[in-house]
Each structure stands twice: as C-alpha cells, then as structure tokens.
>>> print(open('entry.cif').read())   # mmCIF, C-alpha atoms
data_final
loop_
_atom_site.group_PDB
_atom_site.id
_atom_site.type_symbol
_atom_site.label_atom_id
_atom_site.label_comp_id
_atom_site.auth_asym_id
_atom_site.auth_seq_id
_atom_site.Cartn_x
_atom_site.Cartn_y
_atom_site.Cartn_z
ATOM 1 C CA MET A 1 147.386 133.684 116.704
ATOM 2 C CA SER A 2 146.387 135.772 113.682
ATOM 3 C CA VAL A 3 142.828 136.591 112.704
ATOM 4 C CA ALA A 4 143.304 134.639 109.485
ATOM 5 C CA THR A 5 144.355 131.541 111.447
ATOM 6 C CA GLU A 6 141.329 131.869 113.720
ATOM 7 C CA ILE A 7 138.977 132.166 110.716
ATOM 8 C CA SER A 8 140.565 129.145 109.092
ATOM 9 C CA LYS A 9 140.133 127.151 112.308
ATOM 10 C CA LEU A 10 136.465 128.153 112.527
ATOM 11 C CA GLN A 11 135.898 127.118 108.910
ATOM 12 C CA THR A 12 137.460 123.713 109.564
ATOM 13 C CA ASN A 13 135.335 123.216 112.671
ATOM 14 C CA LEU A 14 132.209 124.190 110.740
ATOM 15 C CA MET A 15 132.932 121.733 107.944
ATOM 16 C CA ASN A 16 133.583 119.007 110.517
ATOM 17 C CA ALA A 17 130.265 119.780 112.175
ATOM 18 C CA TYR A 18 128.407 119.512 108.855
ATOM 19 C CA SER A 19 130.219 116.278 108.083
ATOM 20 C CA THR A 20 129.130 114.792 111.412
ATOM 21 C CA VAL A 21 125.470 115.789 111.096
ATOM 22 C CA GLU A 22 125.440 114.359 107.559
ATOM 23 C CA GLU A 23 126.637 111.010 108.954
ATOM 24 C CA LYS A 24 123.674 111.194 111.358
ATOM 25 C CA GLY A 25 121.294 111.415 108.401
ATOM 26 C CA ALA A 26 120.769 115.181 108.263
ATOM 27 C CA THR A 27 119.779 116.998 105.093
ATOM 28 C CA LEU A 28 122.552 119.471 104.278
ATOM 29 C CA PRO A 29 121.788 122.966 102.991
ATOM 30 C CA ALA A 30 123.342 124.266 99.790
ATOM 31 C CA ASN A 31 125.025 127.019 101.787
ATOM 32 C CA GLN A 32 126.835 125.345 104.675
ATOM 33 C CA ASN A 33 127.394 128.301 106.978
ATOM 34 C CA PHE A 34 126.832 128.924 110.701
ATOM 35 C CA ASP A 35 123.347 130.351 110.054
ATOM 36 C CA ASN A 36 122.110 127.062 108.570
ATOM 37 C CA LEU A 37 123.773 124.676 111.021
ATOM 38 C CA ALA A 38 120.879 124.573 113.504
ATOM 39 C CA THR A 39 118.420 123.715 110.718
ATOM 40 C CA ALA A 40 120.704 120.918 109.520
ATOM 41 C CA ILE A 41 120.913 119.462 113.041
ATOM 42 C CA SER A 42 117.121 119.635 113.360
ATOM 43 C CA SER A 43 116.761 117.528 110.212
ATOM 44 C CA ILE A 44 118.523 114.538 111.795
ATOM 45 C CA PRO A 45 115.904 111.743 111.939
ATOM 46 C CA SER A 46 114.734 110.895 115.442
ATOM 47 C CA GLY A 47 115.551 107.554 117.009
ATOM 48 C CA GLY A 48 118.467 106.592 119.148
ATOM 49 C CA GLY A 49 118.080 105.680 122.782
ATOM 50 C CA GLY A 50 120.878 103.181 122.438
ATOM 51 C CA GLY A 51 118.883 100.974 120.108
ATOM 52 C CA SER A 52 118.461 100.977 116.379
ATOM 53 C CA GLY A 53 117.838 103.756 113.906
ATOM 54 C CA THR A 54 116.431 104.390 110.487
ATOM 55 C CA THR A 55 116.970 106.863 107.718
ATOM 56 C CA ASP A 56 114.471 107.875 105.078
ATOM 57 C CA VAL A 57 115.738 107.665 101.526
ATOM 58 C CA PRO A 58 114.064 108.713 98.275
ATOM 59 C CA LEU A 59 112.204 105.647 96.963
ATOM 60 C CA THR A 60 114.512 104.196 94.320
ATOM 61 C CA ARG A 61 114.012 101.256 91.976
ATOM 62 C CA ILE A 62 116.753 98.636 92.167
ATOM 63 C CA SER A 63 117.906 96.240 89.436
ATOM 64 C CA ASP A 64 119.980 93.100 89.882
ATOM 65 C CA ASP A 65 123.074 92.265 87.874
ATOM 66 C CA ASN A 66 120.891 90.768 85.128
ATOM 67 C CA GLY A 67 119.256 94.138 84.614
ATOM 68 C CA ASN A 68 115.906 93.067 86.038
ATOM 69 C CA GLU A 69 114.044 95.435 88.341
ATOM 70 C CA ILE A 70 113.519 93.513 91.565
ATOM 71 C CA GLY A 71 112.339 95.999 94.163
ATOM 72 C CA THR A 72 112.483 99.408 95.779
ATOM 73 C CA TRP A 73 115.141 100.815 98.103
ATOM 74 C CA TYR A 74 113.068 102.595 100.737
ATOM 75 C CA MET A 75 115.127 103.070 103.909
ATOM 76 C CA ASN A 76 118.410 102.510 105.689
ATOM 77 C CA PHE A 77 118.403 100.555 108.931
ATOM 78 C CA GLU A 78 121.016 100.900 111.663
ATOM 79 C CA ASP A 79 121.145 97.940 114.022
ATOM 80 C CA SER A 80 121.951 98.043 117.727
ATOM 81 C CA SER A 81 125.636 97.457 116.971
ATOM 82 C CA GLY A 82 125.835 100.540 114.765
ATOM 83 C CA ASN A 83 125.945 98.697 111.431
ATOM 84 C CA THR A 84 123.891 100.282 108.666
ATOM 85 C CA TYR A 85 122.013 98.451 105.913
ATOM 86 C CA LYS A 86 120.347 99.581 102.725
ATOM 87 C CA VAL A 87 116.875 97.951 102.823
ATOM 88 C CA ILE A 88 115.163 96.957 99.590
ATOM 89 C CA LEU A 89 111.565 95.742 99.481
ATOM 90 C CA LEU A 90 111.206 93.054 96.820
ATOM 91 C CA ASP A 91 108.352 93.462 94.351
ATOM 92 C CA ALA A 92 104.886 91.948 94.762
ATOM 93 C CA GLN A 93 105.671 88.898 92.647
ATOM 94 C CA TYR A 94 108.197 87.761 95.284
ATOM 95 C CA ARG A 95 105.736 87.784 98.219
ATOM 96 C CA ASN A 96 103.681 84.988 99.787
ATOM 97 C CA SER A 97 100.120 85.745 100.874
ATOM 98 C CA SER A 98 99.571 82.692 103.110
ATOM 99 C CA ALA A 99 102.723 82.413 105.182
ATOM 100 C CA THR A 100 102.983 81.272 108.793
ATOM 101 C CA TRP A 101 105.489 82.790 111.229
ATOM 102 C CA CYS A 102 106.173 79.392 112.808
ATOM 103 C CA SER A 103 104.346 76.091 113.144
ATOM 104 C CA ASN A 104 105.237 75.763 116.822
ATOM 105 C CA THR A 105 104.284 77.842 119.837
ATOM 106 C CA SER A 106 107.325 78.100 122.030
ATOM 107 C CA ALA A 107 109.829 80.925 122.123
ATOM 108 C CA VAL A 108 112.490 81.026 119.423
ATOM 109 C CA THR A 109 115.865 80.406 121.066
ATOM 110 C CA ASP A 110 118.090 83.493 121.464
ATOM 111 C CA MET A 111 115.369 85.829 120.148
ATOM 112 C CA PRO A 112 114.111 88.560 122.509
ATOM 113 C CA LEU A 113 110.436 88.668 123.418
ATOM 114 C CA TYR A 114 109.183 92.165 122.642
ATOM 115 C CA SER A 115 105.828 92.208 124.392
ATOM 116 C CA ASN A 116 105.494 95.986 124.571
ATOM 117 C CA LEU A 117 106.570 97.469 121.249
ATOM 118 C CA LYS A 118 104.904 100.779 120.487
ATOM 119 C CA SER A 119 105.887 103.955 118.708
ATOM 120 C CA SER A 120 107.847 105.277 121.682
ATOM 121 C CA ASN A 121 110.138 102.293 122.127
ATOM 122 C CA VAL A 122 110.092 100.492 118.795
ATOM 123 C CA TRP A 123 113.703 101.622 118.397
ATOM 124 C CA GLU A 124 114.753 99.153 121.070
ATOM 125 C CA ALA A 125 114.272 96.281 118.632
ATOM 126 C CA GLY A 126 117.707 96.606 117.079
ATOM 127 C CA GLU A 127 118.029 93.183 115.466
ATOM 128 C CA THR A 128 118.280 92.989 111.692
ATOM 129 C CA ALA A 129 115.785 91.089 109.580
ATOM 130 C CA THR A 130 118.688 88.838 108.637
ATOM 131 C CA GLN A 131 119.388 87.961 112.288
ATOM 132 C CA ASN A 132 115.711 87.376 113.071
ATOM 133 C CA THR A 133 115.080 85.270 109.992
ATOM 134 C CA GLN A 134 118.136 83.123 110.718
ATOM 135 C CA LEU A 135 117.123 82.578 114.361
ATOM 136 C CA ILE A 136 113.614 81.503 113.365
ATOM 137 C CA LEU A 137 114.977 79.121 110.737
ATOM 138 C CA ASP A 138 117.597 77.707 113.151
ATOM 139 C CA TYR A 139 114.900 77.145 115.748
ATOM 140 C CA CYS A 140 112.615 75.448 113.207
ATOM 141 C CA THR A 141 115.406 73.226 111.920
ATOM 142 C CA ALA A 142 116.359 72.153 115.455
ATOM 143 C CA GLY A 143 112.793 71.345 116.461
ATOM 144 C CA GLY A 144 111.435 69.979 113.196
ATOM 145 C CA TYR A 145 109.066 72.940 112.737
ATOM 146 C CA THR A 146 108.361 75.125 109.730
ATOM 147 C CA SER A 147 108.249 78.851 109.071
ATOM 148 C CA THR A 148 106.795 79.332 105.635
ATOM 149 C CA ALA A 149 107.293 83.105 106.004
ATOM 150 C CA CYS A 150 111.050 82.813 106.612
ATOM 151 C CA SER A 151 111.566 79.908 104.197
ATOM 152 C CA HIS A 152 109.752 81.807 101.485
ATOM 153 C CA CYS A 153 111.811 84.954 102.035
ATOM 154 C CA ARG A 154 115.102 83.034 102.043
ATOM 155 C CA SER A 155 114.149 81.294 98.793
ATOM 156 C CA LYS A 156 114.484 84.642 96.998
ATOM 157 C CA SER A 157 118.025 85.606 96.098
ATOM 158 C CA PHE A 158 119.487 88.242 93.815
ATOM 159 C CA THR A 159 122.978 89.258 92.808
ATOM 160 C CA ILE A 160 123.727 92.954 93.056
ATOM 161 C CA GLY A 161 127.202 94.305 92.418
ATOM 162 C CA GLY A 162 128.535 90.763 92.204
ATOM 163 C CA VAL A 163 127.257 89.800 95.654
ATOM 164 C CA THR A 164 124.281 87.478 96.196
ATOM 165 C CA TYR A 165 121.733 88.625 98.776
ATOM 166 C CA TYR A 166 118.864 86.588 100.212
ATOM 167 C CA GLY A 167 115.382 87.727 101.121
ATOM 168 C CA GLN A 168 114.640 88.258 104.823
ATOM 169 C CA LEU A 169 111.432 88.694 106.790
ATOM 170 C CA PRO A 170 111.411 92.422 107.701
ATOM 171 C CA ASN A 171 111.917 93.518 111.304
ATOM 172 C CA VAL A 172 109.450 95.846 112.987
ATOM 173 C CA LEU A 173 111.056 99.100 111.823
ATOM 174 C CA GLU A 174 111.454 97.881 108.265
ATOM 175 C CA ALA A 175 107.829 96.713 108.236
ATOM 176 C CA SER A 176 106.650 100.049 109.625
ATOM 177 C CA TYR A 177 108.396 101.871 106.800
ATOM 178 C CA ILE A 178 106.763 99.491 104.323
ATOM 179 C CA ALA A 179 103.377 100.460 105.765
ATOM 180 C CA ARG A 180 104.211 104.154 105.371
ATOM 181 C CA ASN A 181 104.742 103.649 101.654
ATOM 182 C CA TYR A 182 102.143 101.025 100.687
ATOM 183 C CA ASN A 183 100.659 103.058 97.831
ATOM 184 C CA SER A 184 104.010 104.271 96.505
ATOM 185 C CA PHE A 185 105.376 100.734 96.300
ATOM 186 C CA ASP A 186 102.443 99.570 94.191
ATOM 187 C CA ALA A 187 102.783 102.605 91.931
ATOM 188 C CA MET A 188 106.502 102.023 91.331
ATOM 189 C CA ASP A 189 106.261 98.244 90.886
ATOM 190 C CA THR A 190 105.082 97.755 87.305
ATOM 191 C CA SER A 191 104.154 94.118 87.974
ATOM 192 C CA ALA A 192 102.073 94.886 91.082
ATOM 193 C CA SER A 193 98.757 95.382 89.289
ATOM 194 C CA SER A 194 98.941 91.860 87.828
ATOM 195 C CA GLN A 195 99.693 90.344 91.270
ATOM 196 C CA SER A 196 96.166 90.592 92.629
ATOM 197 C CA SER A 197 96.735 88.610 95.838
ATOM 198 C CA LEU A 198 100.195 89.998 96.541
ATOM 199 C CA ASN A 199 100.061 93.748 95.924
ATOM 200 C CA PHE A 200 99.313 96.218 98.689
ATOM 201 C CA SER A 201 95.989 97.261 97.149
ATOM 202 C CA THR A 202 94.502 93.952 98.237
ATOM 203 C CA MET A 203 96.828 92.520 100.873
ATOM 204 C CA ARG A 204 98.316 94.648 103.637
ATOM 205 C CA ASN A 205 98.538 92.385 106.688
ATOM 206 C CA ILE A 206 102.248 91.703 106.849
ATOM 207 C CA TRP A 207 104.363 89.571 109.151
ATOM 208 C CA VAL A 208 107.164 91.111 111.206
ATOM 209 C CA SER A 209 110.153 88.978 112.178
ATOM 210 C CA ASN A 210 110.135 90.188 115.805
ATOM 211 C CA GLN A 211 108.652 87.925 118.451
ATOM 212 C CA TYR A 212 105.895 89.067 120.811
ATOM 213 C CA SER A 213 105.663 86.022 123.091
ATOM 214 C CA SER A 214 106.156 82.280 122.979
ATOM 215 C CA SER A 215 103.020 81.813 120.948
ATOM 216 C CA SER A 216 102.717 85.122 119.074
ATOM 217 C CA GLY A 217 104.605 87.168 116.514
ATOM 218 C CA TRP A 218 104.132 90.802 115.508
ATOM 219 C CA TRP A 219 102.282 91.873 112.369
ATOM 220 C CA LEU A 220 101.134 95.142 110.811
ATOM 221 C CA ASN A 221 97.716 95.826 109.372
ATOM 222 C CA GLY A 222 96.730 98.030 106.450
ATOM 223 C CA TYR A 223 96.900 101.195 108.545
ATOM 224 C CA GLY A 224 100.345 100.423 109.888
ATOM 225 C CA ASN A 225 99.045 99.423 113.326
ATOM 226 C CA MET A 226 101.022 96.721 115.088
ATOM 227 C CA TYR A 227 99.385 93.718 116.668
ATOM 228 C CA ASP A 228 100.458 90.378 118.006
ATOM 229 C CA THR A 229 98.865 87.177 116.865
ATOM 230 C CA ALA A 230 99.375 83.415 116.855
ATOM 231 C CA LYS A 231 102.463 82.391 114.943
ATOM 232 C CA MET A 232 100.513 79.703 113.117
ATOM 233 C CA LEU A 233 98.140 82.146 111.389
ATOM 234 C CA THR A 234 98.771 83.140 107.803
ATOM 235 C CA TYR A 235 99.675 86.650 106.663
ATOM 236 C CA LEU A 236 101.705 88.256 103.896
ATOM 237 C CA ALA A 237 105.464 87.633 103.838
ATOM 238 C CA CYS A 238 107.229 90.567 102.145
ATOM 239 C CA PRO A 239 110.911 89.742 101.655
ATOM 240 C CA VAL A 240 113.471 92.520 101.995
ATOM 241 C CA LEU A 241 117.152 92.553 101.124
ATOM 242 C CA GLU A 242 119.543 94.040 103.674
ATOM 243 C CA ILE A 243 122.698 95.276 101.987
ATOM 244 C CA PRO A 244 125.498 96.334 104.361
ATOM 245 C CA LEU A 245 126.706 99.894 103.777
ATOM 246 C CA MET B 1 116.184 77.696 135.343
ATOM 247 C CA TYR B 2 117.727 74.594 133.884
ATOM 248 C CA ILE B 3 119.965 73.482 131.025
ATOM 249 C CA LYS B 4 118.974 70.948 128.404
ATOM 250 C CA GLN B 5 121.340 69.645 125.738
ATOM 251 C CA GLN B 6 119.853 69.770 122.251
ATOM 252 C CA ILE B 7 120.957 69.751 118.645
ATOM 253 C CA TYR B 8 120.941 73.428 117.668
ATOM 254 C CA LYS B 9 122.606 74.918 114.587
ATOM 255 C CA GLY B 10 123.743 71.421 113.707
ATOM 256 C CA LYS B 11 125.584 70.606 116.925
ATOM 257 C CA LEU B 12 124.887 69.496 120.487
ATOM 258 C CA THR B 13 124.355 72.698 122.457
ATOM 259 C CA ASP B 14 123.442 73.670 126.024
ATOM 260 C CA ILE B 15 120.119 75.498 125.945
ATOM 261 C CA LEU B 16 119.066 77.474 129.028
ATOM 262 C CA TYR B 17 115.354 77.380 129.885
ATOM 263 C CA PRO B 18 113.381 79.111 132.647
ATOM 264 C CA ASP B 19 111.195 77.144 135.004
ATOM 265 C CA LYS B 20 107.515 76.908 134.116
ATOM 266 C CA GLY B 21 105.747 80.261 134.471
ATOM 267 C CA TYR B 22 108.977 82.253 134.143
ATOM 268 C CA LEU B 23 111.095 83.877 131.449
ATOM 269 C CA LEU B 24 114.797 84.682 131.255
ATOM 270 C CA GLN B 25 116.023 88.256 131.492
ATOM 271 C CA HIS B 26 119.558 89.300 130.604
ATOM 272 C CA LYS B 27 120.913 91.176 133.601
ATOM 273 C CA GLU B 28 122.621 93.896 131.567
ATOM 274 C CA THR B 29 120.479 94.459 128.474
ATOM 275 C CA LYS B 30 117.182 93.678 130.269
ATOM 276 C CA LEU B 31 116.022 91.849 127.145
ATOM 277 C CA ILE B 32 113.676 88.940 127.824
ATOM 278 C CA TYR B 33 113.960 85.477 126.297
ATOM 279 C CA GLY B 34 112.086 82.194 126.303
ATOM 280 C CA SER B 35 115.314 80.215 125.919
ATOM 281 C CA VAL B 36 118.969 80.986 125.284
ATOM 282 C CA SER B 37 121.765 78.919 123.794
ATOM 283 C CA LEU B 38 124.899 78.974 125.938
ATOM 284 C CA GLU B 39 127.311 79.678 123.125
ATOM 285 C CA ASP B 40 129.034 82.782 121.725
ATOM 286 C CA GLY B 41 130.066 83.750 125.251
ATOM 287 C CA ARG B 42 126.577 83.568 126.773
ATOM 288 C CA LYS B 43 126.615 82.259 130.354
ATOM 289 C CA GLN B 44 123.865 81.095 132.698
ATOM 290 C CA GLU B 45 124.891 83.611 135.371
ATOM 291 C CA ASP B 46 124.107 86.474 132.964
ATOM 292 C CA TYR B 47 120.381 85.726 133.250
ATOM 293 C CA ILE B 48 117.737 85.878 135.948
ATOM 294 C CA GLU B 49 114.254 84.417 135.984
ATOM 295 C CA ILE B 50 111.308 86.782 135.893
ATOM 296 C CA GLU B 51 107.633 85.987 136.093
ATOM 297 C CA ASP B 52 105.904 85.426 132.745
ATOM 298 C CA VAL B 53 103.125 88.006 132.788
ATOM 299 C CA GLU B 54 100.628 88.167 129.938
ATOM 300 C CA THR B 55 100.517 91.639 128.389
ATOM 301 C CA SER B 56 97.771 93.174 126.323
ATOM 302 C CA THR B 57 97.930 94.003 122.648
ATOM 303 C CA ILE B 58 99.230 97.462 121.835
ATOM 304 C CA ASP B 59 98.586 99.136 118.523
#
>>> encode(input="entry.cif", output="structure tokens")
Amino acid sequence: MSVATEISKLQTNLMNAYSTVEEKGATLPANQNFDNLATAISSIPSGGGGGSGTTDVPLTRISDDNGNEIGTWYMNFEDSSGNTYKVILLDAQYRNSSATWCSNTSAVTDMPLYSNLKSSNVWEAGETATQNTQLILDYCTAGGYTSTACSHCRSKSFTIGGVTYYGQLPNVLEASYIARNYNSFDAMDTSASSQSSLNFSTMRNIWVSNQYSSSSGWWLNGYGNMYDTAKMLTYLACPVLEIPL
Amino acid sequence: MYIKQQIYKGKLTDILYPDKGYLLQHKETKLIYGSVSLEDGRKQEDYIEIEDVETSTID
C-alpha cells in the first residue's frame, strides 16, 4: 500500500472520528486535525450511564408559524431510547403559578417512582416530559382526578414548521436546565416583566413531571435544588415543547 | 401482588398492584412502580414486590 493511500485512509478515519464526536454533542475546532481531537472529545457533555442525556444549546428565541415569539430553545434532551428532542421553554405568559401536580395521592400507573434523584443519578430518569405528562393525565382521567399542572401545559399549543406541538410539564433534566438559566429567560422574554406572578424574578418554585412517591412529586426551588412534596400543593407550571429531532 | 380490572386509557385494562406496604420492581430495569398496566407487552412475571421504604428528601 502506498504512502499516499495510507495518508488518505488516515484522513478518512480522522473525519469519521470528528463526525462521531459531533453527534455526541462535542464542540468542533476550526482546524480538525489529530492535535485537536482530544480537546473535541473532552467537550462532549457528560451524562450517559444507559439513561438519558442533554446537550447545551445557545439560548435561541423561537417563533411559531404566525410569527409570534413564543419561547426560548434552551437544550436538547435525549431520552432513554436514544431519541433526541429540541426543548423550548414557553414564555412567562404561558405559565400557571398555582398548579397542582395531582389531586390524588396514589402512584401514577406505569410511571417510575424516583425516590433518590440527585445530581449523580438524575440521568436515570430518561422519560420525556411528553410521556410523563400523558401518564399523569391518563391516570387522572381514569380515576376522576385532576392535574392542573399537566392540564394547563397541554392547553398550550403552537404550530412550528406546519406541525402543532403541545405544552408538556418538564421532566427533571429539563427543569434543571430551566433553573440554570432563570435570569437569562426573563431577559430574553420581552413580556416577562409585565407577568409579575409568572416570571422567574418572582416565582421560581417549579413542578417537575417525575414522581417521587405515591404522594409526592419532584419540584425545584429558586436555587435549582430538588425536593419532593405533596402532589396537591401548588407551584409554578412551566410548559415546554419537545420537538423531535 | 394482585390484578384489578379498571378503565384505563379508555378501555378495560388489567392493572397490577403490589400488596399493601410493597412496591413493584421491574426485574430487568430495576425501576420501581406503584402500579403497572399489563398492556404493551408488560407481564406480571416481569415484576417482583419490594418493601415500600420511606426515603428522605435529597437536594
């Protein structure tokens, strides 16, 4: 095999390597050579462990097909099946400050009980907000209960690229990323300042669609700390849109 | 554990419940549930009962 063939093979392998690390969420250097490959691999966001994953994205304002700004694209979420979603937080005007997780205190059917979520294993909660919201609503419909948090989120719908998407109650990873960007969201949402009970300057206790126990759901406080509390209490419901990528 | 038939997702469905004081754990995924609908390929033999232990709040 000639030297030229060997060099060509190495170049192909290098480009394939960069392509793979990009799919894993790495930031690619301008000069994609062997010297920069290790740095590119190091930039792959942590996560994994067989569960879900997230990717940071530059905060980007999103408009619907009517040209109205509706929210901010703030992360991508990969569920436990490997499907990736673009996650958009809807603006303050679409939130509900007095929403209950559920009016009943028994476990939602088919929904895992995550009684030990913390920063080291939060990735294990690989269900989408869409799945969680649907399970809570199915459970409420079957038992004659209410979830004002989920009902409120689902009442918000927007058409983007010709497809209609419904609001969902964020899962624990999506809520954590909301907490990381509280101030930025308010700054980018031009209507936030006029929504005194719904913006993050005044209201930061947000419901998470993951279940802690039969009687409790997860929520995040203003510092991004996670707690469990009775499903019947009222906190902020912040709808997100999950758009399959 | 026991099975109770209920209307779920608009149709009569077998729902698997643990006995009082217990929860259901999926043998393979180890995920824990309060109840499981036996549809979409889910089977009773895929679950075991584990004791329902109260855990403390973690932040």
>>> residues_around(input="entry.cif", residues="Leu12 (chain B)", least_positions_apart="4", cutoff="12 Å", atoms="all atoms listed in the file", output="PyMOL selection string")
(chain A and resi 142) or (chain B and resi 4-8+37-39)
>>> write_last_selection(input="entry.cif", atoms="C-alpha atoms", output="mmCIF file, keeping the file's coordinate frame")
data_model
loop_
_atom_site.group_PDB
_atom_site.id
_atom_site.type_symbol
_atom_site.label_atom_id
_atom_site.label_comp_id
_atom_site.auth_asym_id
_atom_site.auth_seq_id
_atom_site.Cartn_x
_atom_site.Cartn_y
_atom_site.Cartn_z
ATOM 1 C CA ALA A 142 116.359 72.153 115.455
ATOM 2 C CA LYS B 4 118.974 70.948 128.404
ATOM 3 C CA GLN B 5 121.340 69.645 125.738
ATOM 4 C CA GLN B 6 119.853 69.770 122.251
ATOM 5 C CA ILE B 7 120.957 69.751 118.645
ATOM 6 C CA TYR B 8 120.941 73.428 117.668
ATOM 7 C CA SER B 37 121.765 78.919 123.794
ATOM 8 C CA LEU B 38 124.899 78.974 125.938
ATOM 9 C CA GLU B 39 127.311 79.678 123.125
#
>>> residues_around(input="entry.cif", residues="region 19-28 of chain B", least_positions_apart="6", cutoff="12 Å", atoms="only C-alpha atoms", output="PDB file with C-alpha atoms, in the coordinates of the input")
ATOM      1  CA  SER A 106     107.325  78.100 122.030  1.00  0.00           C
ATOM      2  CA  ALA A 107     109.829  80.925 122.123  1.00  0.00           C
ATOM      3  CA  THR A 109     115.865  80.406 121.066  1.00  0.00           C
ATOM      4  CA  ASP A 110     118.090  83.493 121.464  1.00  0.00           C
ATOM      5  CA  MET A 111     115.369  85.829 120.148  1.00  0.00           C
ATOM      6  CA  PRO A 112     114.111  88.560 122.509  1.00  0.00           C
ATOM      7  CA  LEU A 113     110.436  88.668 123.418  1.00  0.00           C
ATOM      8  CA  TYR A 114     109.183  92.165 122.642  1.00  0.00           C
ATOM      9  CA  SER A 213     105.663  86.022 123.091  1.00  0.00           C
ATOM     10  CA  SER A 214     106.156  82.280 122.979  1.00  0.00           C
TER      11      SER A 214
ATOM     12  CA  MET B   1     116.184  77.696 135.343  1.00  0.00           C
ATOM     13  CA  TYR B   2     117.727  74.594 133.884  1.00  0.00           C
ATOM     14  CA  ILE B   3     119.965  73.482 131.025  1.00  0.00           C
ATOM     15  CA  LYS B   4     118.974  70.948 128.404  1.00  0.00           C
ATOM     16  CA  GLY B  34     112.086  82.194 126.303  1.00  0.00           C
ATOM     17  CA  SER B  35     115.314  80.215 125.919  1.00  0.00           C
ATOM     18  CA  VAL B  36     118.969  80.986 125.284  1.00  0.00           C
ATOM     19  CA  SER B  37     121.765  78.919 123.794  1.00  0.00           C
ATOM     20  CA  ARG B  42     126.577  83.568 126.773  1.00  0.00           C
ATOM     21  CA  LYS B  43     126.615  82.259 130.354  1.00  0.00           C
ATOM     22  CA  GLN B  44     123.865  81.095 132.698  1.00  0.00           C
ATOM     23  CA  GLU B  45     124.891  83.611 135.371  1.00  0.00           C
ATOM     24  CA  ASP B  46     124.107  86.474 132.964  1.00  0.00           C
ATOM     25  CA  TYR B  47     120.381  85.726 133.250  1.00  0.00           C
ATOM     26  CA  ILE B  48     117.737  85.878 135.948  1.00  0.00           C
ATOM     27  CA  GLU B  49     114.254  84.417 135.984  1.00  0.00           C
ATOM     28  CA  ILE B  50     111.308  86.782 135.893  1.00  0.00           C
ATOM     29  CA  GLU B  51     107.633  85.987 136.093  1.00  0.00           C
ATOM     30  CA  ASP B  52     105.904  85.426 132.745  1.00  0.00           C
ATOM     31  CA  VAL B  53     103.125  88.006 132.788  1.00  0.00           C
ATOM     32  CA  GLU B  54     100.628  88.167 129.938  1.00  0.00           C
TER      33      GLU B  54
END
>>> resolve_selection(input="entry.cif", expression="the PyMOL selection byres ((chain A) within 12 of (chain B))", output="ChimeraX atom specification")
/A:50-51,80,105-122,124-127,134-144,211-221,223-229
>>> resolve_selection(input="entry.cif", expression="the PyMOL selection byres ((chain A and resi 238) around 6)", output="PyMOL selection string")
chain A and resi 95+237+239
>>> resolve_selection(input="entry.cif", expression="the PyMOL selection byres ((chain A and resi 54-69) around 7)", output="PyMOL selection string")
chain A and resi 25+45+53+70-78+158-161
>>> residues_around(input="entry.cif", residues="Val172 (chain A)", least_positions_apart="3", cutoff="7 Å", atoms="only C-alpha atoms", output="PyMOL selection string")
chain A and resi 175-176+208-210
>>> atom_distance(input="entry.cif", atom1="CA of Tyr182 (chain A)", atom2="CA of Asn205 (chain A)")
11.1 Å
>>> atom_distance(input="entry.cif", atom1="CA of Ser103 (chain A)", atom2="CA of Leu233 (chain A)")
8.8 Å
>>> closest_residue(input="entry.cif", among="A:Lys231, A:Lys86, A:Arg204, A:His152", to="Ile243 (chain A)", atoms="all atoms listed in the file")
A:Lys86
>>> axis_aligned_box(input="entry.cif", around="region 22-35 of chain B", padding_each_side="3 Å", output="lines of an AutoDock Vina configuration file")
center_x = 115.8
center_y = 87.3
center_z = 130.0
size_x = 19.6
size_y = 20.2
size_z = 14.2
>>> decode(input="entry.cif", residues="region 222-233 of chain A", atoms="N, CA, C and O atoms", output="CSV table (one decimal), in the first residue's frame")
chain,number,residue,atom,x,y,z
A,222,GLY,N,-35.8,28.0,43.8
A,222,GLY,CA,-35.1,29.1,43.1
A,222,GLY,C,-33.6,29.0,42.9
A,222,GLY,O,-33.0,29.6,42.1
A,223,TYR,N,-33.0,28.1,43.7
A,223,TYR,CA,-31.6,27.8,43.6
A,223,TYR,C,-31.3,26.6,42.7
A,223,TYR,O,-30.2,26.1,42.6
A,224,GLY,N,-32.4,26.0,42.2
A,224,GLY,CA,-32.2,24.8,41.4
A,224,GLY,C,-32.1,23.5,42.3
A,224,GLY,O,-31.7,22.4,41.8
A,225,ASN,N,-32.4,23.6,43.6
A,225,ASN,CA,-32.3,22.4,44.4
A,225,ASN,C,-33.6,21.6,44.2
A,225,ASN,O,-34.7,22.2,44.1
A,226,MET,N,-33.5,20.3,44.2
A,226,MET,CA,-34.7,19.4,44.0
A,226,MET,C,-35.2,19.0,45.4
A,226,MET,O,-34.4,18.6,46.2
A,227,TYR,N,-36.5,19.0,45.5
A,227,TYR,CA,-37.2,18.5,46.7
A,227,TYR,C,-38.4,17.7,46.2
A,227,TYR,O,-38.9,17.8,45.1
A,228,ASP,N,-38.9,16.9,47.1
A,228,ASP,CA,-40.2,16.2,46.9
A,228,ASP,C,-41.2,16.9,47.8
A,228,ASP,O,-40.9,17.4,48.8
A,229,THR,N,-42.4,16.9,47.3
A,229,THR,CA,-43.5,17.5,48.1
A,229,THR,C,-44.9,16.9,47.7
A,229,THR,O,-45.0,16.3,46.6
A,230,ALA,N,-45.9,17.2,48.5
A,230,ALA,CA,-47.2,16.6,48.3
A,230,ALA,C,-47.7,17.1,46.9
A,230,ALA,O,-47.6,18.2,46.5
A,231,LYS,N,-48.3,16.1,46.2
A,231,LYS,CA,-48.7,16.4,44.8
A,231,LYS,C,-49.8,17.5,44.8
A,231,LYS,O,-50.1,18.1,43.8
A,232,MET,N,-50.5,17.6,45.9
A,232,MET,CA,-51.7,18.5,45.9
A,232,MET,C,-51.3,20.0,46.2
A,232,MET,O,-52.1,20.9,46.0
A,233,LEU,N,-50.0,20.2,46.5
A,233,LEU,CA,-49.6,21.6,46.7
A,233,LEU,C,-49.5,22.4,45.4
A,233,LEU,O,-49.5,21.7,44.3
